[in-house]
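> The structure is given below, and queries will be raised subsequently.
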Amino acid sequence: MHHDRAGANRADQLISGGPMKIEQLSLVVIFATLALLLTVLVGWKTFTLNSQAWDMWQSVGHDPLGVLLSGHPHGLRYLVYYPVFAVAEFANLPPDLVFSFECVLVLFFMSMLVARIDVDVWGSQGHVWRRDVVVFCMFVMSMLMNGRLLLAFCGYLLIIFAGADWYKQREWKPVHAISALLGCLLAGVSSGTLLAAMGLSAGIILVAFLMDAKLLKNNPIAAVSIALTLALFVGYALIGLGKNLAYYGGDEAAVFRMLGHGAGGDIARSVGLGDLLEQDDLPGVGGRLASILQYWWVGVVAASTVARCYGWRPIHMVKTSGPGLNLVHLSIIIAMAGGLFGYSVLLMGYIPFLMFASGNAKPIMSRFAVSAQ
């Protein structure tokens with residue numbers, strides 16, 4: 001229990017800007033961070049900036065705010081990438097190398113966020129192993145993906161932290177407003193992930209309104225903060241959405257064609273309706289693996305059915321869960337819904353799902369044990 005409280009204090013100190021001693025860190029967090037750093041240093045892993053970032057750097061240079069205010073479709077994501085180019089130019093280092101170092105720091109920060117969210121939502125009992133399991137899975141994930149999505153994942157976690165910590169502390173603090181704002185900014189590396197982040201930000205207020213109206217009544221500044229955050233990003237969200245709709249034809253059927261860019265295409269192809277969509281290939285896979293992965297959703301349905309047979313009741317779970325846990329539920333639902341239109345949005349639910357699974361592992365195993373008797 002002492003170590004659990006220490007884990008919560010470490011996350012508090014990191015997010016609030018207070019001091020933090022390295023000896024207090026989890027060994028898994030240290031291992032994951034140093035292992036990723038080592039792979040970057042020896043050249044086994046490189047997080048590369050995408051072509052859009054390079055094009056903006058070459059055409060805009062040191063004017064990220066100017067291009068942001070001009071309404072350029074890539075202005076928001078360039079604001080996120082610009083510090084990498086600026087540091088690389090100052091230190092005379094390759095931008096991709098600087099970006100890789102940044103991703104190592106992002107993984108470390110995400111580990112601290114997971115620790116804090118876990119304590120806020122599930123409490124300190126069993127916190128250490130839950131956190132370490134999720135952190136290890138995040139390390140594996142980071143080895144398999146590009147840095148752009150890592151930034152979006154971090155943004156999503158920041159928004160979950162803002163809501164879950166507010167629900168627990170029952171006081172809306174500047175750190176919550178900053179977390180929601182920074183979360184949407186980091187998620188702005190993609191139009192789809194930005195929309196998901198904005199939806200989850202609005203969900204913070206929705207969950208409070210539905211489950212604890214007194215909390216919202218005592219903290220009206222929370223709703224004002226979220227509204228201002230959404231107002232700052234809604235313009236770029238609409239620009240990105242319009243750009244995507246135009247790319248897929250700009251007519252009434254464009255929304256359905258967009259399904260081919262995400263998991264919706266898998267489902268359509270699985271039931272023989274793939275010809276109705278302009279489908280993109282599964283990212284990074286091909287051949288037999290791609291033909292199998294299109295049926296991922298069948299596994300989700302099967303797993304849900306089995307869980308239901310062993311006592312899992314989703315509606316009851318939502319009704320009996322606290323606001324923090326329901327915010328995690330909402331983050332997974334938003335990712336799954338948005339994932340129909342884009343794989344990157346679907347992956348946004350990966351870490352919240354890991355936290356949900358680790359937080360519910362003990363009661364689920366208890367149900368299996370009882371049913372087996």
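Residues are named by chain letter and number: chains run A, B, ... in the order of the structure tokens, numbers start at 1 in each chain, and ligands are numbered from 1 in the order shown.
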Please identify all polymer residues within 7 Å of Thr193 of chain A, counting only C-alpha atoms, omitting same-chain residues fewer than 3 positions from it, and present them as a list in words.
Ala152, Ala187, Gly188, Ser190, Ala196, Ala197, Ser344 and Val345 of chain A
> Please produce, as CSV, a per-residue contact table for segment 24-102 of chain A versus segment 106-130 of chain A (criterion: any atom at most 8 Å away, only C-alpha atoms considered), showing the nearest atom pair and its distance in Å to one decimal, sorted by chain then residue number.

residue,atom,partner,partner_atom,distance
A:Val29,CA,A:Ser111,CA,6.6
A:Thr33,CA,A:Phe108,CA,5.9
A:Glu102,CA,A:Val106,CA,6.2
> Could those residues be written to a file, using C-alpha atoms, as a compact mmCIF listing (two decimals), in the first residue's frame?

# COMPACT_ATOMS: atom_id res chain seq x y z
CA VAL A 29 8.76 2.60 -16.15
CA THR A 33 11.99 4.44 -20.99
CA GLU A 102 10.82 13.54 -27.88
> Extract, using only C-alpha atoms, all DNA, RNA and protein residues at most 8 Å from Leu346 of chain A, discarding same-chain residues fewer than 6 positions from it, and format them as a list in words.
Ala263, Ala335, Met336, Ala337, Gly338, Gly339 and Leu340 of chain A
> May I ask which of the residues A:Leu68, A:Ala254, A:Leu79, A:Ala227 is the closest one to Gly203 of chain A, counting only C-alpha atoms?
A:Ala227
> Which residues in segment 114-297 of chain A does DSSP call helix (DSSP H, G or I)? List them as JSON, numbers by chain.
{"A": [114, 115, 116, 117, 118, 119, 120, 121, 122, 127, 128, 129, 130, 131, 132, 133, 134, 135, 136, 137, 138, 139, 140, 141, 142, 143, 147, 148, 149, 150, 151, 152, 153, 154, 155, 156, 157, 158, 159, 160, 161, 162, 163, 164, 165, 166, 167, 168, 169, 174, 175, 176, 177, 178, 179, 180, 181, 182, 183, 184, 185, 186, 187, 191, 192, 193, 194, 195, 196, 197, 198, 199, 200, 201, 202, 203, 204, 205, 206, 207, 208, 209, 210, 211, 213, 214, 215, 216, 217, 218, 220, 221, 222, 223, 224, 225, 226, 227, 228, 229, 230, 231, 232, 233, 234, 235, 236, 237, 238, 239, 240, 241, 242, 243, 244, 245, 246, 247, 254, 255, 256, 257, 258, 259, 260, 261, 263, 264, 265, 266, 267, 268, 269, 270, 274, 275, 276, 287, 288, 289, 290, 291, 292, 293, 296, 297]}
> Between atom CA of His62 of chain A and atom CA of Val87 of chain A, what is the distance, to one decimal in Å?
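These two atoms are separated by 11.5 Å.
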> One decimal, Å: what's the distance from atom CA of Ile226 of chain A over to atom CA of Phe341 of chain A, could you say?
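Straight-line distance from atom CA of Ile226 of chain A to atom CA of Phe341 of chain A works out to 25.1 Å.
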> Which residues, written as a PDB file with N, CA, C and O atoms, in the first residue's frame, have at least one atom at most 12 Å from Ile178 of chain A, with only C-alpha atoms counted and residues fewer than 2 positions away on the same chain left out?

ATOM      1  N   ILE A  15       2.898  15.940 -12.791  1.00  0.00           N
ATOM      2  CA  ILE A  15       1.907  16.735 -13.497  1.00  0.00           C
ATOM      3  C   ILE A  15       1.833  18.147 -12.940  1.00  0.00           C
ATOM      4  O   ILE A  15       1.581  19.107 -13.652  1.00  0.00           O
ATOM      5  N   SER A  16       2.064  18.285 -11.641  1.00  0.00           N
ATOM      6  CA  SER A  16       1.991  19.615 -11.042  1.00  0.00           C
ATOM      7  C   SER A  16       3.306  20.363 -11.122  1.00  0.00           C
ATOM      8  O   SER A  16       3.387  21.519 -10.739  1.00  0.00           O
ATOM      9  N   GLY A 155      -2.156  12.870 -25.873  1.00  0.00           N
ATOM     10  CA  GLY A 155      -3.219  13.862 -25.770  1.00  0.00           C
ATOM     11  C   GLY A 155      -4.505  13.268 -25.221  1.00  0.00           C
ATOM     12  O   GLY A 155      -5.183  13.869 -24.375  1.00  0.00           O
ATOM     13  N   LEU A 158      -4.167  12.756 -21.537  1.00  0.00           N
ATOM     14  CA  LEU A 158      -4.249  14.027 -20.816  1.00  0.00           C
ATOM     15  C   LEU A 158      -5.701  14.426 -20.567  1.00  0.00           C
ATOM     16  O   LEU A 158      -6.047  14.936 -19.492  1.00  0.00           O
ATOM     17  N   ILE A 159      -6.544  14.195 -21.550  1.00  0.00           N
ATOM     18  CA  ILE A 159      -7.960  14.548 -21.402  1.00  0.00           C
ATOM     19  C   ILE A 159      -8.632  13.636 -20.381  1.00  0.00           C
ATOM     20  O   ILE A 159      -9.436  14.088 -19.549  1.00  0.00           O
ATOM     21  N   PHE A 161      -7.132  12.192 -17.906  1.00  0.00           N
ATOM     22  CA  PHE A 161      -6.629  12.643 -16.608  1.00  0.00           C
ATOM     23  C   PHE A 161      -7.386  13.874 -16.125  1.00  0.00           C
ATOM     24  O   PHE A 161      -7.761  13.969 -14.944  1.00  0.00           O
ATOM     25  N   ALA A 162      -7.615  14.831 -17.024  1.00  0.00           N
ATOM     26  CA  ALA A 162      -8.299  16.066 -16.631  1.00  0.00           C
ATOM     27  C   ALA A 162      -9.658  15.766 -16.017  1.00  0.00           C
ATOM     28  O   ALA A 162     -10.023  16.315 -14.971  1.00  0.00           O
ATOM     29  N   GLY A 163     -10.410  14.867 -16.657  1.00  0.00           N
ATOM     30  CA  GLY A 163     -11.729  14.545 -16.142  1.00  0.00           C
ATOM     31  C   GLY A 163     -11.686  13.686 -14.894  1.00  0.00           C
ATOM     32  O   GLY A 163     -12.350  13.984 -13.892  1.00  0.00           O
ATOM     33  N   TRP A 172     -12.113  21.959  -9.920  1.00  0.00           N
ATOM     34  CA  TRP A 172     -11.497  22.181 -11.230  1.00  0.00           C
ATOM     35  C   TRP A 172     -10.305  23.116 -11.057  1.00  0.00           C
ATOM     36  O   TRP A 172     -10.447  24.245 -10.603  1.00  0.00           O
ATOM     37  N   LYS A 173      -9.135  22.625 -11.402  1.00  0.00           N
ATOM     38  CA  LYS A 173      -7.901  23.369 -11.200  1.00  0.00           C
ATOM     39  C   LYS A 173      -7.289  23.752 -12.545  1.00  0.00           C
ATOM     40  O   LYS A 173      -7.637  23.168 -13.584  1.00  0.00           O
ATOM     41  N   PRO A 174      -6.368  24.708 -12.535  1.00  0.00           N
ATOM     42  CA  PRO A 174      -5.710  25.088 -13.795  1.00  0.00           C
ATOM     43  C   PRO A 174      -5.063  23.913 -14.511  1.00  0.00           C
ATOM     44  O   PRO A 174      -5.047  23.867 -15.742  1.00  0.00           O
ATOM     45  N   VAL A 175      -4.533  22.940 -13.750  1.00  0.00           N
ATOM     46  CA  VAL A 175      -3.885  21.794 -14.390  1.00  0.00           C
ATOM     47  C   VAL A 175      -4.879  20.994 -15.218  1.00  0.00           C
ATOM     48  O   VAL A 175      -4.521  20.407 -16.249  1.00  0.00           O
ATOM     49  N   HIS A 176      -6.142  20.981 -14.816  1.00  0.00           N
ATOM     50  CA  HIS A 176      -7.157  20.261 -15.583  1.00  0.00           C
ATOM     51  C   HIS A 176      -7.452  20.981 -16.897  1.00  0.00           C
ATOM     52  O   HIS A 176      -7.561  20.344 -17.956  1.00  0.00           O
ATOM     53  N   ALA A 180      -6.602  19.470 -20.703  1.00  0.00           N
ATOM     54  CA  ALA A 180      -7.578  19.333 -21.785  1.00  0.00           C
ATOM     55  C   ALA A 180      -7.128  20.098 -23.027  1.00  0.00           C
ATOM     56  O   ALA A 180      -7.245  19.604 -24.161  1.00  0.00           O
ATOM     57  N   LEU A 181      -6.601  21.304 -22.814  1.00  0.00           N
ATOM     58  CA  LEU A 181      -6.129  22.115 -23.936  1.00  0.00           C
ATOM     59  C   LEU A 181      -4.947  21.452 -24.638  1.00  0.00           C
ATOM     60  O   LEU A 181      -4.929  21.316 -25.872  1.00  0.00           O
ATOM     61  N   LEU A 182      -3.965  21.017 -23.861  1.00  0.00           N
ATOM     62  CA  LEU A 182      -2.790  20.370 -24.436  1.00  0.00           C
ATOM     63  C   LEU A 182      -3.155  19.034 -25.074  1.00  0.00           C
ATOM     64  O   LEU A 182      -2.580  18.646 -26.094  1.00  0.00           O
ATOM     65  N   GLY A 183      -4.130  18.348 -24.480  1.00  0.00           N
ATOM     66  CA  GLY A 183      -4.565  17.076 -25.049  1.00  0.00           C
ATOM     67  C   GLY A 183      -5.130  17.240 -26.446  1.00  0.00           C
ATOM     68  O   GLY A 183      -4.804  16.474 -27.357  1.00  0.00           O
ATOM     69  N   CYS A 184      -5.972  18.245 -26.637  1.00  0.00           N
ATOM     70  CA  CYS A 184      -6.530  18.498 -27.975  1.00  0.00           C
ATOM     71  C   CYS A 184      -5.437  18.942 -28.943  1.00  0.00           C
ATOM     72  O   CYS A 184      -5.461  18.575 -30.125  1.00  0.00           O
ATOM     73  N   LEU A 185      -4.488  19.727 -28.448  1.00  0.00           N
ATOM     74  CA  LEU A 185      -3.397  20.185 -29.313  1.00  0.00           C
ATOM     75  C   LEU A 185      -2.574  19.006 -29.821  1.00  0.00           C
ATOM     76  O   LEU A 185      -2.287  18.905 -31.020  1.00  0.00           O
ATOM     77  N   SER A 201     -13.332  15.525 -24.657  1.00  0.00           N
ATOM     78  CA  SER A 201     -13.320  16.730 -23.819  1.00  0.00           C
ATOM     79  C   SER A 201     -14.742  17.148 -23.462  1.00  0.00           C
ATOM     80  O   SER A 201     -15.041  17.474 -22.306  1.00  0.00           O
ATOM     81  N   ALA A 222     -15.391  24.740 -15.028  1.00  0.00           N
ATOM     82  CA  ALA A 222     -15.011  23.559 -15.805  1.00  0.00           C
ATOM     83  C   ALA A 222     -15.690  23.583 -17.174  1.00  0.00           C
ATOM     84  O   ALA A 222     -15.048  23.366 -18.212  1.00  0.00           O
ATOM     85  N   SER A 225     -14.171  26.301 -19.288  1.00  0.00           N
ATOM     86  CA  SER A 225     -12.841  25.928 -19.791  1.00  0.00           C
ATOM     87  C   SER A 225     -12.947  24.986 -20.985  1.00  0.00           C
ATOM     88  O   SER A 225     -12.263  25.165 -21.997  1.00  0.00           O
ATOM     89  N   ILE A 226     -13.803  23.976 -20.859  1.00  0.00           N
ATOM     90  CA  ILE A 226     -13.961  23.014 -21.949  1.00  0.00           C
ATOM     91  C   ILE A 226     -14.566  23.689 -23.175  1.00  0.00           C
ATOM     92  O   ILE A 226     -14.150  23.433 -24.317  1.00  0.00           O
ATOM     93  N   LEU A 228     -14.290  26.821 -24.071  1.00  0.00           N
ATOM     94  CA  LEU A 228     -13.253  27.638 -24.705  1.00  0.00           C
ATOM     95  C   LEU A 228     -12.253  26.763 -25.461  1.00  0.00           C
ATOM     96  O   LEU A 228     -11.800  27.125 -26.556  1.00  0.00           O
ATOM     97  N   THR A 229     -11.910  25.619 -24.884  1.00  0.00           N
ATOM     98  CA  THR A 229     -10.990  24.695 -25.555  1.00  0.00           C
ATOM     99  C   THR A 229     -11.576  24.210 -26.874  1.00  0.00           C
ATOM    100  O   THR A 229     -10.902  24.210 -27.912  1.00  0.00           O
TER     101      THR A 229
END
> Report as a VMD selection string all protein, DNA and RNA residues lying within 12 Å of Ser59 of chain A, evaluated on only C-alpha atoms, omitting residues in the same chain fewer than 6 positions from it.
chain A and resid 52 to 53 67 74 to 75 78
> When you look at Gly43 of chain A with a cut-off of 12 Å (counting only C-alpha atoms), what residues show up, excluding the ones that are within fewer than 6 positions of it in the same chain? I need them as a list in words.
Leu36, Leu37, Asp96, Leu97, Ser100 and Phe101 of chain A
